[in-house]
$ cat structure-v8.txt   # compact mmCIF, C-alpha atoms
# COMPACT_ATOMS: atom_id res chain seq x y z
CA MET A 1 54.64 -49.92 4.80
CA VAL A 2 53.47 -47.52 7.50
CA SER A 3 56.32 -45.35 8.79
CA LEU A 4 56.17 -43.15 11.89
CA LYS A 5 58.91 -40.87 10.56
CA GLN A 6 57.19 -40.38 7.21
CA THR A 7 53.78 -39.85 8.82
CA LEU A 8 55.23 -37.10 11.04
CA LYS A 9 57.23 -35.57 8.17
CA ASP A 10 54.01 -35.38 6.19
CA GLY A 11 52.46 -33.38 9.02
CA TYR A 12 50.18 -36.05 10.44
CA SER A 13 49.65 -36.96 14.10
CA LEU A 14 50.58 -39.99 16.16
CA LEU A 15 46.92 -40.99 16.09
CA ARG A 16 46.96 -40.98 12.29
CA TYR A 17 50.07 -43.19 12.31
CA LEU A 18 48.41 -45.67 14.68
CA GLU A 19 45.26 -45.61 12.55
CA HIS A 20 47.30 -46.47 9.49
CA MET A 21 48.94 -49.35 11.39
CA ARG A 22 45.46 -50.73 12.04
CA VAL A 23 44.18 -49.98 8.53
CA ALA A 24 47.12 -51.95 7.10
CA LYS A 25 45.50 -55.11 8.50
CA ILE A 26 42.24 -54.56 6.59
CA SER A 27 41.60 -56.59 3.48
CA LEU A 28 38.76 -55.53 1.16
CA SER A 29 37.02 -57.54 -1.55
CA GLY A 30 33.99 -57.45 -3.85
CA ASN A 31 31.88 -54.28 -3.91
CA VAL A 32 33.08 -51.58 -1.54
CA ILE A 33 31.77 -48.16 -0.57
CA ASP A 34 33.73 -45.55 1.33
CA LEU A 35 31.35 -43.16 3.05
CA CYS A 36 33.98 -40.57 3.88
CA ALA A 37 36.18 -40.29 0.80
CA LYS A 38 35.63 -38.65 -2.54
CA SER A 39 38.31 -40.72 -4.28
CA GLU A 40 41.11 -43.25 -3.79
CA SER A 41 43.53 -40.40 -3.23
CA GLU A 42 42.92 -40.69 0.52
CA ARG A 43 46.19 -41.65 2.18
CA TYR A 44 44.83 -44.77 3.91
CA PHE A 45 44.13 -46.51 0.59
CA SER A 46 47.87 -46.99 0.13
CA PHE A 47 47.91 -49.24 3.22
CA ILE A 48 44.76 -51.34 2.68
CA ASP A 49 44.87 -54.65 0.80
CA MET A 50 42.58 -53.88 -2.16
CA SER A 51 43.56 -56.90 -4.27
CA GLY A 52 40.11 -58.52 -4.07
CA VAL A 53 38.11 -55.36 -4.80
CA GLU A 54 35.87 -55.54 -7.88
CA LYS A 55 34.28 -52.13 -7.60
CA ILE A 56 34.72 -49.23 -5.21
CA GLU A 57 32.41 -46.27 -4.83
CA PHE A 58 32.70 -43.06 -2.87
CA CYS A 59 30.25 -40.46 -1.68
CA ASP A 60 29.84 -36.74 -1.35
CA ILE A 61 26.98 -34.31 -0.81
CA LEU A 62 27.82 -32.72 -4.16
CA PRO A 63 29.38 -35.46 -6.34
CA LEU A 64 31.59 -34.49 -9.27
CA SER A 65 32.24 -37.87 -10.94
CA GLU A 66 30.40 -41.10 -11.79
CA ASN A 67 31.60 -43.41 -9.01
CA VAL A 68 30.87 -40.76 -6.38
CA LEU A 69 27.34 -41.16 -4.99
CA GLN A 70 25.28 -38.31 -3.62
CA ILE A 71 24.74 -39.17 0.04
CA ASN A 72 23.86 -37.05 3.03
CA LEU A 73 25.04 -39.12 6.00
CA GLU A 74 22.48 -37.50 8.28
CA LYS A 75 19.61 -38.97 6.21
CA PRO A 76 18.64 -42.38 4.76
CA PHE A 77 20.94 -43.31 1.85
CA ASN A 78 19.57 -43.59 -1.67
CA ILE A 79 21.12 -47.08 -2.04
CA LYS A 80 19.42 -50.49 -2.38
CA ASP A 81 19.54 -53.04 0.47
CA ASN A 82 22.30 -55.70 0.40
CA SER A 83 24.49 -53.85 -2.13
CA TYR A 84 28.03 -54.03 -0.73
CA ASP A 85 30.56 -56.49 0.67
CA HIS A 86 32.35 -53.77 2.62
CA VAL A 87 31.27 -50.39 3.94
CA MET A 88 33.94 -48.15 5.41
CA TYR A 89 34.03 -44.79 7.13
CA PHE A 90 37.10 -43.51 8.92
CA ASN A 91 37.02 -40.46 11.22
CA VAL A 92 33.52 -39.53 10.14
CA LEU A 93 31.08 -40.80 12.79
CA GLU A 94 32.09 -38.10 15.28
CA HIS A 95 30.99 -35.45 12.78
CA ILE A 96 27.49 -36.85 12.22
CA TYR A 97 24.89 -35.63 14.68
CA ASN A 98 22.47 -38.38 13.58
CA TYR A 99 25.18 -41.03 13.86
CA GLN A 100 22.60 -43.82 14.37
CA ASN A 101 21.60 -43.25 10.76
CA VAL A 102 25.11 -44.10 9.53
CA ILE A 103 25.28 -47.32 11.60
CA LEU A 104 21.76 -48.38 10.62
CA GLU A 105 22.17 -47.54 6.94
CA SER A 106 25.57 -49.19 6.70
CA TYR A 107 23.92 -52.36 8.06
CA ARG A 108 21.09 -52.10 5.54
CA ILE A 109 23.27 -51.65 2.45
CA LEU A 110 25.67 -54.46 3.41
CA LYS A 111 25.18 -57.96 2.00
CA THR A 112 24.85 -60.84 4.49
CA ASP A 113 28.34 -61.57 5.90
CA GLY A 114 29.43 -58.14 4.63
CA GLU A 115 31.77 -56.11 6.82
CA CYS A 116 31.55 -52.59 8.15
CA HIS A 117 34.85 -50.85 9.00
CA CYS A 118 34.72 -47.76 11.18
CA ILE A 119 37.43 -45.68 12.81
CA ILE A 120 36.40 -43.06 15.34
CA PRO A 121 38.59 -40.97 17.67
CA PHE A 122 38.09 -41.16 21.44
CA MET A 123 40.76 -39.24 23.43
CA TRP A 124 40.95 -36.48 20.86
CA HIS A 125 40.30 -32.74 20.89
CA TYR A 126 37.26 -31.01 19.47
CA HIS A 127 37.75 -30.56 15.75
CA GLY A 128 34.93 -28.92 13.83
CA ASP A 129 34.78 -30.37 10.33
CA THR A 130 32.06 -29.23 9.85
CA ASP A 131 31.21 -29.91 13.47
CA ASP A 132 32.25 -32.46 16.07
CA PHE A 133 29.53 -34.17 18.13
CA ASN A 134 30.48 -37.64 19.34
CA ARG A 135 32.97 -39.64 21.39
CA PHE A 136 32.05 -43.19 22.33
CA THR A 137 33.64 -45.73 24.65
CA HIS A 138 34.34 -49.17 23.22
CA THR A 139 31.43 -50.70 25.14
CA ALA A 140 29.05 -48.05 23.79
CA LEU A 141 30.24 -48.75 20.25
CA TYR A 142 29.75 -52.47 20.77
CA ARG A 143 26.15 -52.00 21.87
CA LYS A 144 25.33 -49.47 19.14
CA TYR A 145 26.48 -51.87 16.41
CA LYS A 146 24.86 -54.91 18.03
CA ASP A 147 21.59 -53.04 18.51
CA VAL A 148 21.11 -52.51 14.76
CA GLY A 149 21.67 -56.21 14.09
CA PHE A 150 25.36 -56.80 13.37
CA GLU A 151 26.20 -60.42 14.21
CA ASN A 152 29.83 -60.11 15.19
CA VAL A 153 31.30 -56.85 16.46
CA GLU A 154 35.03 -56.58 17.18
CA ILE A 155 36.60 -53.41 18.50
CA TRP A 156 40.32 -52.71 18.59
CA PRO A 157 41.65 -49.78 20.60
CA ILE A 158 43.97 -47.49 18.66
CA GLY A 159 46.72 -46.54 21.09
CA GLY A 160 45.37 -47.03 24.56
CA GLY A 161 48.18 -46.61 27.06
CA PHE A 162 48.70 -43.58 29.29
CA TRP A 163 52.08 -42.65 27.78
CA THR A 164 50.77 -42.94 24.24
CA LEU A 165 48.11 -40.42 25.17
CA ILE A 166 50.72 -38.10 26.66
CA ALA A 167 52.86 -38.40 23.51
CA ASN A 168 49.88 -37.58 21.35
CA LEU A 169 48.89 -34.53 23.39
CA ILE A 170 52.40 -33.07 23.58
CA THR A 171 53.17 -33.55 19.91
CA LEU A 172 49.95 -31.86 18.84
CA LYS A 173 51.58 -28.58 19.90
CA ILE A 174 54.90 -29.19 18.14
CA THR A 175 55.55 -28.53 14.47
CA VAL A 176 59.12 -29.87 14.10
CA TRP A 177 58.80 -33.49 12.96
CA TRP A 178 62.02 -34.83 14.49
CA LEU A 179 61.20 -33.33 17.86
CA LYS A 180 57.80 -35.02 17.67
CA TYR A 181 59.56 -38.24 16.76
CA ALA A 182 61.93 -38.02 19.73
CA ILE A 183 59.09 -37.31 22.17
CA ILE A 184 57.00 -40.16 20.80
CA GLN A 185 59.90 -42.61 21.03
CA SER A 186 60.59 -41.54 24.63
CA CYS A 187 56.95 -41.96 25.58
CA MET A 188 56.81 -45.36 23.83
CA PHE A 189 59.78 -46.43 25.96
CA LEU A 190 57.88 -45.42 29.11
CA GLU A 191 54.75 -47.11 27.76
CA ASN A 192 56.70 -50.30 27.31
CA ILE A 193 57.97 -50.22 30.91
CA ALA A 194 54.48 -49.42 32.23
CA GLN A 195 53.01 -52.37 30.33
CA ARG A 196 55.66 -54.70 31.69
CA ILE A 197 54.73 -53.65 35.23
CA TYR A 198 50.98 -53.22 35.01
CA GLY A 199 50.13 -55.38 32.00
CA LYS A 200 48.56 -54.15 28.79
CA ARG A 201 45.99 -51.56 29.80
CA LEU A 202 44.10 -49.74 27.11
CA ASN A 203 41.94 -47.31 29.06
CA PHE A 204 43.26 -44.25 27.21
CA ALA A 205 42.48 -45.20 23.63
CA LEU A 206 43.10 -42.41 21.15
CA GLY A 207 40.46 -44.00 18.96
CA TYR A 208 38.74 -47.25 18.08
CA TYR A 209 38.53 -49.42 15.01
CA VAL A 210 35.23 -51.27 14.70
CA ARG A 211 34.83 -54.30 12.46
CA ALA A 212 31.21 -55.36 12.38
CA VAL A 213 29.96 -58.32 10.36
CA LYS A 214 26.33 -58.47 9.17
CA MET B 1 65.37 -55.25 38.63
CA ILE B 2 63.13 -52.23 39.32
CA ILE B 3 60.43 -53.73 37.11
CA ARG B 4 60.66 -57.01 39.04
CA LEU B 5 60.31 -55.13 42.33
CA PHE B 6 57.23 -53.29 41.04
CA ARG B 7 55.75 -56.58 39.85
CA TYR B 8 56.43 -58.21 43.20
CA TYR B 9 54.80 -55.30 45.01
CA ARG B 10 51.77 -55.54 42.72
CA LYS B 11 51.52 -59.28 43.33
CA ILE B 12 51.50 -58.76 47.11
CA LYS B 13 48.90 -56.03 46.75
CA LYS B 14 46.75 -58.27 44.52
CA ASN B 15 46.94 -61.17 46.99
CA HIS B 16 45.91 -58.81 49.79
CA ILE B 17 42.88 -57.57 47.81
CA GLU B 18 41.88 -61.14 46.90
CA GLU B 19 42.06 -62.28 50.51
CA LYS B 20 39.92 -59.28 51.50
CA GLN B 21 37.34 -60.17 48.83
CA LEU B 22 37.28 -63.79 49.98
CA GLN B 23 36.87 -62.69 53.60
CA THR B 24 33.86 -60.55 52.64
CA VAL B 25 32.22 -63.59 51.02
CA LEU B 26 33.08 -65.83 54.00
CA ASP B 27 31.54 -63.31 56.42
CA TYR B 28 28.42 -63.24 54.25
CA LEU B 29 28.13 -67.03 54.10
CA SER B 30 28.68 -67.39 57.85
CA LYS B 31 25.59 -65.19 58.33
CA ASN B 32 23.55 -66.91 55.62
CA LYS B 33 23.83 -70.58 56.44
CA GLN B 34 20.42 -71.35 54.98
CA LEU B 35 21.80 -70.85 51.45
CA SER B 36 22.85 -73.80 49.32
CA ILE B 37 26.18 -73.26 47.63
CA ILE B 38 27.04 -73.90 44.00
CA ASP B 39 30.76 -73.77 43.24
CA LEU B 40 31.39 -73.49 39.50
CA GLY B 41 35.06 -74.24 38.92
CA PHE B 42 35.62 -76.43 41.99
CA ASN B 43 39.24 -77.26 41.10
CA ILE B 44 40.92 -78.84 44.16
CA GLY B 45 38.38 -77.38 46.53
CA ALA B 46 40.50 -74.60 48.05
CA ILE B 47 37.44 -72.35 48.33
CA TYR B 48 35.32 -75.25 49.58
CA ASN B 49 37.79 -75.73 52.44
CA ARG B 50 37.69 -72.05 53.36
CA ILE B 51 33.88 -71.93 53.25
CA ARG B 52 33.57 -75.08 55.36
CA GLN B 53 35.55 -73.35 58.11
CA VAL B 54 32.67 -70.90 58.58
CA ASN B 55 29.73 -72.88 57.27
CA LYS B 56 29.70 -76.64 57.78
CA THR B 57 26.11 -77.56 57.03
CA SER B 58 25.05 -75.81 53.82
CA GLN B 59 24.38 -78.11 50.91
CA TYR B 60 27.44 -77.68 48.68
CA TYR B 61 27.50 -78.57 44.95
CA GLY B 62 30.84 -78.42 43.16
CA PHE B 63 30.97 -78.42 39.35
CA GLU B 64 34.25 -79.41 37.72
CA ILE B 65 35.14 -80.28 34.12
CA GLN B 66 38.45 -82.09 34.71
CA SER B 67 37.92 -85.75 35.54
CA ASP B 68 41.05 -86.18 37.72
CA LEU B 69 39.91 -83.30 39.91
CA VAL B 70 36.41 -84.79 40.09
CA ASN B 71 37.88 -88.12 41.24
CA LYS B 72 39.83 -86.34 44.00
CA ALA B 73 36.71 -84.44 45.07
CA ARG B 74 34.76 -87.71 45.33
CA GLN B 75 37.06 -88.69 48.20
CA ILE B 76 35.83 -85.78 50.32
CA ASN B 77 33.94 -87.08 53.33
CA ASP B 78 31.07 -84.61 53.71
CA GLU B 79 27.41 -85.65 53.73
CA TYR B 80 26.33 -82.21 52.50
CA PHE B 81 28.73 -82.16 49.57
CA SER B 82 28.24 -83.37 45.98
CA ILE B 83 30.65 -83.10 43.07
CA ILE B 84 29.23 -82.93 39.55
CA HIS B 85 31.40 -83.82 36.57
CA GLY B 86 30.40 -81.36 33.87
CA ALA B 87 30.42 -77.80 32.62
CA ALA B 88 27.68 -75.53 33.90
CA THR B 89 26.50 -73.78 30.74
CA ASP B 90 23.39 -72.60 28.93
CA ARG B 91 22.58 -75.98 27.30
CA ASP B 92 22.27 -79.66 28.12
CA GLY B 93 24.31 -82.23 26.19
CA HIS B 94 28.04 -82.36 25.63
CA ILE B 95 30.60 -79.62 25.09
CA ASP B 96 34.33 -79.43 24.37
CA PHE B 97 36.74 -77.82 26.77
CA TYR B 98 40.41 -76.93 26.41
CA GLU B 99 43.26 -77.07 28.87
CA PRO B 100 45.79 -74.23 29.09
CA LYS B 101 49.20 -74.74 27.49
CA SER B 102 50.72 -74.42 30.97
CA TRP B 103 49.07 -74.60 34.36
CA SER B 104 48.78 -71.47 36.47
CA LYS B 105 49.59 -71.11 40.19
CA ASN B 106 46.11 -72.56 40.87
CA TYR B 107 46.51 -76.31 40.50
CA LYS B 108 45.09 -77.19 37.09
CA GLY B 109 43.26 -73.87 36.90
CA GLY B 110 42.44 -72.23 33.57
CA ALA B 111 40.73 -75.06 31.66
CA THR B 112 37.69 -73.68 29.84
CA ILE B 113 34.99 -74.29 27.25
CA MET B 114 35.91 -70.88 25.73
CA GLY B 115 38.06 -71.93 22.78
CA GLY B 116 39.03 -68.32 22.00
CA LYS B 117 40.74 -67.69 25.33
CA ASN B 118 44.44 -66.86 25.31
CA ASN B 119 47.11 -69.59 25.66
CA LEU B 120 44.92 -72.67 25.31
CA SER B 121 45.85 -76.02 23.81
CA GLU B 122 44.14 -76.92 20.54
CA THR B 123 43.01 -80.38 21.68
CA PRO B 124 39.33 -80.44 22.66
CA ILE B 125 38.13 -82.70 25.48
CA SER B 126 34.45 -83.61 25.58
CA VAL B 127 32.57 -83.17 28.84
CA PRO B 128 28.89 -83.26 29.87
CA SER B 129 27.23 -79.87 29.50
CA ILE B 130 24.63 -78.98 32.12
CA ASP B 131 22.12 -76.18 31.63
CA LEU B 132 22.45 -74.56 35.05
CA SER B 133 19.05 -72.93 34.70
CA ASN B 134 17.36 -76.34 34.28
CA TRP B 135 19.55 -77.82 37.01
CA ILE B 136 18.54 -75.12 39.50
CA GLU B 137 14.86 -75.51 38.60
CA ASN B 138 15.16 -79.25 39.29
CA HIS B 139 16.96 -78.68 42.60
CA SER B 140 14.89 -75.86 44.03
CA ASP B 141 11.98 -77.68 45.62
CA GLY B 142 11.13 -76.24 49.00
CA GLY B 143 12.03 -72.77 47.76
CA HIS B 144 15.55 -72.71 49.14
CA LYS B 145 17.99 -70.30 47.57
CA TYR B 146 21.52 -70.44 46.26
CA PHE B 147 24.84 -68.69 46.56
CA ILE B 148 26.85 -69.30 43.37
CA LYS B 149 30.60 -68.87 43.01
CA ILE B 150 31.44 -68.52 39.32
CA ASP B 151 35.03 -68.95 38.19
CA ILE B 152 34.69 -70.57 34.78
CA GLU B 153 37.31 -68.80 32.68
CA GLY B 154 35.17 -66.76 30.31
CA ALA B 155 32.06 -68.95 30.08
CA GLU B 156 30.28 -66.83 32.69
CA TYR B 157 28.63 -64.52 30.14
CA ASP B 158 26.51 -67.14 28.31
CA LEU B 159 25.74 -68.87 31.59
CA LEU B 160 24.51 -65.76 33.39
CA GLU B 161 22.57 -64.41 30.41
CA ASN B 162 20.78 -67.75 30.25
CA LEU B 163 19.94 -67.60 33.96
CA ILE B 164 18.58 -64.09 33.47
CA ASN B 165 16.58 -64.94 30.31
CA LYS B 166 15.06 -68.06 31.87
CA ASN B 167 14.04 -66.18 35.00
CA SER B 168 16.21 -68.37 37.24
CA LEU B 169 17.48 -65.45 39.32
CA LYS B 170 14.47 -65.92 41.58
CA HIS B 171 16.27 -68.97 43.00
CA ILE B 172 19.54 -67.11 43.50
CA LYS B 173 20.23 -65.01 46.57
CA SER B 174 23.84 -64.11 45.85
CA VAL B 175 26.71 -64.55 43.37
CA ALA B 176 30.48 -64.11 43.42
CA ILE B 177 31.85 -63.79 39.90
CA GLU B 178 35.31 -63.65 38.38
CA TRP B 179 35.08 -61.88 35.02
CA HIS B 180 37.44 -62.52 32.12
CA CYS B 181 36.76 -59.53 29.86
CA SER B 182 40.38 -58.94 28.95
CA LYS B 183 41.40 -62.58 28.43
CA LEU B 184 39.33 -63.41 25.39
CA GLY B 185 41.14 -61.34 22.77
CA GLU B 186 41.81 -57.59 22.64
CA GLU B 187 39.14 -57.13 19.96
CA ASN B 188 36.50 -58.79 22.19
CA GLU B 189 37.11 -56.80 25.37
CA ALA B 190 34.35 -54.30 24.56
CA LYS B 191 31.89 -57.13 23.89
CA PHE B 192 32.53 -58.89 27.18
CA LEU B 193 32.76 -55.66 29.18
CA ALA B 194 29.42 -54.48 27.77
CA ARG B 195 27.81 -57.85 28.51
CA LYS B 196 29.28 -57.86 32.02
CA ASN B 197 27.75 -54.48 32.78
CA LEU B 198 24.33 -55.52 31.45
CA ILE B 199 24.47 -58.70 33.55
CA LYS B 200 25.42 -56.73 36.68
CA LEU B 201 22.49 -54.40 36.03
CA ALA B 202 20.11 -57.39 35.72
CA LEU B 203 21.47 -58.89 38.95
CA TRP B 204 20.99 -55.59 40.73
CA GLU B 205 17.43 -55.26 39.39
CA ALA B 206 16.64 -58.80 40.57
CA GLY B 207 17.96 -58.02 44.06
CA VAL B 208 20.80 -60.56 43.88
CA ASP B 209 23.69 -59.83 46.25
CA TYR B 210 26.84 -59.43 44.15
CA PHE B 211 30.48 -60.01 45.03
CA GLU B 212 33.56 -59.53 42.90
CA TRP B 213 35.63 -62.71 42.71
CA PHE B 214 39.25 -63.09 41.72

$ encode --input "structure-v8.txt" --output "structure tokens"
Amino acid sequence: MVSLKQTLKDGYSLLRYLEHMRVAKISLSGNVIDLCAKSESERYFSFIDMSGVEKIEFCDILPLSENVLQINLEKPFNIKDNSYDHVMYFNVLEHIYNYQNVILESYRILKTDGECHCIIPFMWHYHGDTDDFNRFTHTALYRKYKDVGFENVEIWPIGGGFWTLIANLITLKITVWWLKYAIIQSCMFLENIAQRIYGKRLNFALGYYVRAVK
Amino acid sequence: MIIRLFRYYRKIKKNHIEEKQLQTVLDYLSKNKQLSIIDLGFNIGAIYNRIRQVNKTSQYYGFEIQSDLVNKARQINDEYFSIIHGAATDRDGHIDFYEPKSWSKNYKGGATIMGGKNNLSETPISVPSIDLSNWIENHSDGGHKYFIKIDIEGAEYDLLENLINKNSLKHIKSVAIEWHCSKLGEENEAKFLARKNLIKLALWEAGVDYFEWF
């Protein structure tokens, strides 16, 4: 169960909370590779339905255990074609200068009907880890995934309303969790009113979740 | 109460913009009486009536998928008018369409062949499907050109891409299009927005006059 209070208490942002809300709707099965984690200790694994997973692998430039593959995301992966049912990478594409390689290679290593799951920030500050290169609109993401051959590309905005963006920006500068919580709740109230007047507008997405089927 | 007032204000503003858009198209058609008119989504002929006030002699083809509306249109006494019972699409044959769960302010508006659209009934109704590209080719002897009004509740993307791919834009002088990017599921907005922008680019490259519809 994703909790805003707990997410803030643990020192994470509103964006991370909204990401986890989206991640909680993902269901994985068969062979899975996570291109951004070194192990299942990543927080988002506690929200994903993993009941159908037979095998999960991770990657790192310098792997330290058996199920961690040595992969440099900037270069072609040393993995056979059609190997996985699910490929996932959350908050990683913005850090890869040669991001086309990740999209292309994730398509190649997926089995037919396999699914690629990507989360990428949009309205988010520069964060160098190790560097930060890319922000894409939802239409750009759609075309980039279609261009490499994905059959069905769905893109969900994470956040998206003006007041959600304001809440996220203000709370980035605050360290006290309950104050963050109060500000977020106030902004969500305003967001709700704005949506009732103007309809659901998602032009200020904090990030996007891409689900692309091969 | 305040929200209702805002909504009311927005509704008035929207109606004003729509009337302005319609007036732009009417001005255009009054100056281009040599064009034949194709009205996709004829409904009860409200637009037909407005156009006939400024342009009485253009050949006018209305396409409508709902048989009761087609029967009403057949009673119109106009030697230059034809009603066609069928869905203008990208293929010849038959296709299912769906009625909305409740009718909008437009009399019987909202029926569509796009099964994924919001708030549709689950009961399919079969209707003749007409490849508009073939239809235009068969009705373009003498080299006359068309103005096409497209209000087909989300089916405009496949239709227009087919017209572009089959090089039918050479028969089209101008189009007025209502787009439905945000009404086909939140996760598909990027797909339809991206396709819309590519279509608009192709129309611009082909020298087709473009009008926003409502």

$ closest_residue --input "structure-v8.txt" --among "A:Ala167, A:Cys116, A:Leu202, A:Ile197" --to "chain B" --atoms "only C-alpha atoms"
A:Ile197

$ interface_residues --input "structure-v8.txt" --of "chain B" --to "chain A" --cutoff "7 Å" --atoms "all atoms listed in the file" --output "MDAnalysis selection string"
chainID B and resid 3 6:7 186:188 190:191 193:194

$ atom_distance --input "structure-v8.txt" --atom1 "atom CA of B:Ile65" --atom2 "atom CA of B:Ser133"
17.7 Å

$ closest_residue --input "structure-v8.txt" --among "B:Phe81, B:Phe97, B:Tyr210, B:Tyr9" --to "B:Ile150" --atoms "all atoms listed in the file"
B:Tyr210

$ residues_around --input "structure-v8.txt" --residues "stretch 123-132 of chain B" --least-positions-apart "5" --cutoff "7 Å" --atoms "all atoms listed in the file" --output "short mmCIF file (atom, residue, chain, number, x, y, z; two decimals) with C-alpha atoms, keeping the file's coordinate frame"
data_model
loop_
_atom_site.label_atom_id
_atom_site.label_comp_id
_atom_site.auth_asym_id
_atom_site.auth_seq_id
_atom_site.Cartn_x
_atom_site.Cartn_y
_atom_site.Cartn_z
CA ILE B 65 35.14 -80.28 34.12
CA GLY B 86 30.40 -81.36 33.87
CA ALA B 87 30.42 -77.80 32.62
CA ALA B 88 27.68 -75.53 33.90
CA THR B 89 26.50 -73.78 30.74
CA ASP B 90 23.39 -72.60 28.93
CA ARG B 91 22.58 -75.98 27.30
CA ASP B 92 22.27 -79.66 28.12
CA GLY B 93 24.31 -82.23 26.19
CA HIS B 94 28.04 -82.36 25.63
CA ILE B 95 30.60 -79.62 25.09
CA ASP B 96 34.33 -79.43 24.37
CA PHE B 97 36.74 -77.82 26.77
CA TYR B 98 40.41 -76.93 26.41
#

$ atom_distance --input "structure-v8.txt" --atom1 "atom CA of A:Gly159" --atom2 "atom CA of A:Lys144"
21.7 Å

$ residues_near_point --input "structure-v8.txt" --point "(13.8, -68.9, 51.1)" --cutoff "9 Å" --atoms "all atoms listed in the file" --output "list in words"
Gln34, Leu35, Gly142, Gly143, His144, Lys145, His171 and Lys173 of chain B

$ residues_around --input "structure-v8.txt" --residues "B:Tyr146" --least-positions-apart "4" --cutoff "10 Å" --atoms "all atoms listed in the file" --output "PyMOL selection string"
chain B and resi 34-38+58-60+136+140+169-175

$ atom_distance --input "structure-v8.txt" --atom1 "atom CA of B:Gly110" --atom2 "atom CA of B:Val208"
26.7 Å

$ residues_near_point --input "structure-v8.txt" --point "(34.1, -33.6, 10.8)" --cutoff "7 Å" --atoms "all atoms listed in the file" --output "PDB file with C-alpha atoms, keeping the file's coordinate frame"
ATOM      1  CA  VAL A  92      33.520 -39.530  10.140  1.00  0.00           C
ATOM      2  CA  GLU A  94      32.090 -38.100  15.280  1.00  0.00           C
ATOM      3  CA  HIS A  95      30.990 -35.450  12.780  1.00  0.00           C
ATOM      4  CA  HIS A 127      37.750 -30.560  15.750  1.00  0.00           C
ATOM      5  CA  GLY A 128      34.930 -28.920  13.830  1.00  0.00           C
ATOM      6  CA  ASP A 129      34.780 -30.370  10.330  1.00  0.00           C
ATOM      7  CA  THR A 130      32.060 -29.230   9.850  1.00  0.00           C
ATOM      8  CA  ASP A 131      31.210 -29.910  13.470  1.00  0.00           C
ATOM      9  CA  ASP A 132      32.250 -32.460  16.070  1.00  0.00           C
TER      10      ASP A 132
END

$ residues_around --input "structure-v8.txt" --residues "B:Ala73" --least-positions-apart "4" --cutoff "10 Å" --atoms "only C-alpha atoms" --output "PyMOL selection string"
chain B and resi 42-45+62+64+67-69+77+81-84

$ closest_residue --input "structure-v8.txt" --among "B:Glu153, B:Asp141, B:Glu205, B:Asp78" --to "B:Glu99" --atoms "all atoms listed in the file"
B:Glu153

$ residues_around --input "structure-v8.txt" --residues "stretch 97-114 of chain A" --least-positions-apart "2" --cutoff "9 Å" --atoms "only C-alpha atoms" --output "PyMOL selection string"
chain A and resi 73-77+79-88+93-95+116+131-134+144-145+148-151+212-214

$ closest_residue --input "structure-v8.txt" --among "B:Glu212, B:Glu178, B:Asp39, B:Glu156" --to "B:Lys20" --atoms "only C-alpha atoms"
B:Glu212

$ residues_around --input "structure-v8.txt" --residues "B:Gly41" --least-positions-apart "6" --cutoff "6 Å" --atoms "all atoms listed in the file" --output "list in words"
Phe63, Glu64, Asp151 and Ile152 of chain B
